Amino acid sequence: MPKQDGQVQIESPPESVSNGQTHAGTSDMQVVMTPTPVKTVALVGHAPSTRDMAPYAQGEIEVWTMNDAFAWIPRADRWFEVHTPEVYQHPARRTQGYIEWLANFKGPSYMIEPDPRLPTAVRYPVEFMLAKYGNRFSSSFSWMIAIAIEEGFNRIELYGCDLAGGTEYAHQREATAWWIGFCQGR
């Protein structure tokens with residue numbers, strides 16, 4: 001039976017040869033534990049309380065962020081803009097230069113409907129996620145956590161995720177709490 005990461009494999013000792021006779025090892029068994037490699041992603045939001053604590057300098061950890069974090073984030077591997085064009089193009093909702101910056105971003109930019117001005121825009125698999133998890137999505141963090149799970153990340157770190165505002169974040173906080181619980185139960 002081939003060994004897979006994170007699983008226990010029971011092996012028989014190798015056959016031995018003595019006096020020209022081959023003997024299969026039958027009395028001694030050994031258990032081989034293979035540690036599961038940790039695949040980590042840091043999801044970074046805008047809350048200044050912890051966003052600067054993200055592991056930006058650790059290249060082995062992917063950093064994902066959202067919206068117009070380009071104004072302050074030192075590194076990101078993936079971008080999430082899951083709002084409608086009416087939101088992300090509105091001057092009061094995004095920092096000036098956001099679309100121009102995102103057009104030059106080298107990593108994938110996940111969007112509900114890709115903007116043709118953004119060469120690395122990728123359509124987020126909304127229908128798949130809704131079919132699999134139900135309507136548990138109310139914020140960028142929800143969408144980010146779900147795709148991290150689907151891609152096999154076994155460590156998901158949250159930074160800048162206070163969701164402490166009044167009306168806008170109240171329902172977002174509940175869904176994010178659900179996803180955190182879902183991850184902990186896996």
# chains A, B, ... in the order shown; residues from 1 in each chain; ligands from 1

$ closest_atom_pairs --of "region 79-152 of chain A" --to "region 31-40 of chain A" --cutoff "12 Å" --atoms "only C-alpha atoms" --output "tab-separated table"
residue	atom	partner	partner_atom	distance
A:Ile145	CA	A:Thr40	CA	11.8
A:Ala148	CA	A:Thr40	CA	9.1
A:Ile149	CA	A:Lys39	CA	10.6
A:Glu151	CA	A:Lys39	CA	9.7
A:Gly152	CA	A:Lys39	CA	7.5

$ write_last_selection --atoms "N, CA, C and O atoms" --output "PDB file, in the first residue's frame"
ATOM      1  N   ILE A 145     -11.692  32.167   2.346  1.00  0.00           N
ATOM      2  CA  ILE A 145     -11.556  30.956   3.161  1.00  0.00           C
ATOM      3  C   ILE A 145     -12.032  29.733   2.371  1.00  0.00           C
ATOM      4  O   ILE A 145     -11.378  28.689   2.372  1.00  0.00           O
ATOM      5  N   ALA A 148      -9.507  28.659  -0.191  1.00  0.00           N
ATOM      6  CA  ALA A 148      -8.331  28.101   0.491  1.00  0.00           C
ATOM      7  C   ALA A 148      -8.605  26.650   0.909  1.00  0.00           C
ATOM      8  O   ALA A 148      -7.747  25.777   0.749  1.00  0.00           O
ATOM      9  N   ILE A 149      -9.808  26.380   1.396  1.00  0.00           N
ATOM     10  CA  ILE A 149     -10.181  25.015   1.764  1.00  0.00           C
ATOM     11  C   ILE A 149     -10.168  24.119   0.527  1.00  0.00           C
ATOM     12  O   ILE A 149      -9.598  23.026   0.534  1.00  0.00           O
ATOM     13  N   GLU A 151      -8.537  24.395  -2.148  1.00  0.00           N
ATOM     14  CA  GLU A 151      -7.189  24.184  -2.682  1.00  0.00           C
ATOM     15  C   GLU A 151      -6.284  23.426  -1.726  1.00  0.00           C
ATOM     16  O   GLU A 151      -5.098  23.260  -1.987  1.00  0.00           O
ATOM     17  N   GLY A 152      -6.824  22.966  -0.620  1.00  0.00           N
ATOM     18  CA  GLY A 152      -6.069  22.096   0.273  1.00  0.00           C
ATOM     19  C   GLY A 152      -5.161  22.791   1.272  1.00  0.00           C
ATOM     20  O   GLY A 152      -4.274  22.150   1.833  1.00  0.00           O
TER      21      GLY A 152
END

$ residues_around --residues "region 105-114 of chain A" --least-positions-apart "3" --cutoff "6 Å" --atoms "only C-alpha atoms" --output "ChimeraX atom specification"
/A:77-82,102,120-124

$ select_by_dssp --residues "chain A" --states "alpha helix (DSSP H)" --output "PyMOL selection string"
chain A and resi 85-88+98-103+126-133+140-150+167-184

$ closest_residue --among "A:Asn67, A:Arg51, A:Asn135, A:Ala170" --to "Thr84 (chain A)" --atoms "only C-alpha atoms"
A:Asn67

$ atom_distance --atom1 "CA of Ala175 (chain A)" --atom2 "CA of Arg136 (chain A)"
5.9 Å

$ atom_distance --atom1 "CA of Phe141 (chain A)" --atom2 "CA of Asn104 (chain A)"
23.0 Å

$ atom_distance --atom1 "CA of Pro85 (chain A)" --atom2 "CA of Tyr98 (chain A)"
12.4 Å

$ residues_around --residues "Tyr56 (chain A)" --least-positions-apart "2" --cutoff "6 Å" --atoms "only C-alpha atoms" --output "VMD selection string"
chain A and resid 54 58 75

$ residues_around --residues "Arg94 (chain A)" --least-positions-apart "3" --cutoff "12 Å" --atoms "only C-alpha atoms" --output "list in words"
Met66, Asn67, Asp68, Ala69, Phe70, Ala71, Glu81, His83, Pro85, Glu86, Val87, Tyr88, Gln89, His90, Pro91, Gly97, Tyr98, Ile99, Glu100, Trp101 and Leu102 of chain A

$ write_last_selection --atoms "C-alpha atoms" --output "short mmCIF file (atom, residue, chain, number, x, y, z; two decimals), in the first residue's frame"
data_model
loop_
_atom_site.label_atom_id
_atom_site.label_comp_id
_atom_site.auth_asym_id
_atom_site.auth_seq_id
_atom_site.Cartn_x
_atom_site.Cartn_y
_atom_site.Cartn_z
CA MET A 66 -8.72 42.18 -1.05
CA ASN A 67 -10.12 45.42 -2.34
CA ASP A 68 -7.78 48.38 -2.33
CA ALA A 69 -5.12 47.11 0.07
CA PHE A 70 -2.51 48.01 -2.56
CA ALA A 71 -2.09 51.35 -0.80
CA GLU A 81 -12.32 41.88 -5.59
CA HIS A 83 -17.80 43.38 -5.35
CA PRO A 85 -18.27 47.27 -10.61
CA GLU A 86 -20.57 49.87 -9.05
CA VAL A 87 -18.71 49.34 -5.78
CA TYR A 88 -15.10 48.88 -6.89
CA GLN A 89 -15.24 51.71 -9.42
CA HIS A 90 -16.86 54.20 -7.02
CA PRO A 91 -14.35 56.87 -5.96
CA GLY A 97 -5.47 54.45 -8.72
CA TYR A 98 -6.86 51.09 -7.59
CA ILE A 99 -8.01 49.81 -10.99
CA GLU A 100 -4.79 50.95 -12.66
CA TRP A 101 -2.73 49.21 -9.99
CA LEU A 102 -4.82 46.04 -10.20
#

$ decode --residues "region 150-161 of chain A" --atoms "N, CA, C and O atoms" --output "CSV table (one decimal), in the first residue's frame"
chain,number,residue,atom,x,y,z
A,150,GLU,N,-10.8,24.6,-0.5
A,150,GLU,CA,-10.9,23.8,-1.8
A,150,GLU,C,-9.5,23.5,-2.3
A,150,GLU,O,-9.3,22.5,-3.0
A,151,GLU,N,-8.5,24.4,-2.1
A,151,GLU,CA,-7.2,24.2,-2.7
A,151,GLU,C,-6.3,23.4,-1.7
A,151,GLU,O,-5.1,23.3,-2.0
A,152,GLY,N,-6.8,23.0,-0.6
A,152,GLY,CA,-6.1,22.1,0.3
A,152,GLY,C,-5.2,22.8,1.3
A,152,GLY,O,-4.3,22.2,1.8
A,153,PHE,N,-5.4,24.1,1.5
A,153,PHE,CA,-4.6,24.7,2.6
A,153,PHE,C,-5.0,24.2,3.9
A,153,PHE,O,-6.2,24.1,4.2
A,154,ASN,N,-4.1,23.7,4.7
A,154,ASN,CA,-4.4,23.1,6.0
A,154,ASN,C,-4.1,24.1,7.2
A,154,ASN,O,-4.3,23.8,8.3
A,155,ARG,N,-3.6,25.3,6.8
A,155,ARG,CA,-3.4,26.3,7.8
A,155,ARG,C,-3.9,27.6,7.2
A,155,ARG,O,-3.3,28.0,6.2
A,156,ILE,N,-4.9,28.2,7.7
A,156,ILE,CA,-5.4,29.5,7.2
A,156,ILE,C,-5.3,30.5,8.3
A,156,ILE,O,-6.0,30.4,9.3
A,157,GLU,N,-4.5,31.5,8.1
A,157,GLU,CA,-4.3,32.6,9.1
A,157,GLU,C,-5.1,33.8,8.7
A,157,GLU,O,-5.1,34.2,7.5
A,158,LEU,N,-5.7,34.5,9.6
A,158,LEU,CA,-6.4,35.7,9.4
A,158,LEU,C,-5.7,36.9,10.0
A,158,LEU,O,-5.4,36.8,11.2
A,159,TYR,N,-5.6,37.9,9.2
A,159,TYR,CA,-5.0,39.2,9.7
A,159,TYR,C,-5.8,40.3,9.2
A,159,TYR,O,-6.4,40.3,8.1
A,160,GLY,N,-6.0,41.4,10.0
A,160,GLY,CA,-6.8,42.5,9.6
A,160,GLY,C,-8.2,42.2,9.4
A,160,GLY,O,-8.9,42.8,8.6
A,161,CYS,N,-8.7,41.3,10.2
A,161,CYS,CA,-10.1,40.8,10.1
A,161,CYS,C,-10.9,41.1,11.3
A,161,CYS,O,-11.4,40.1,12.0
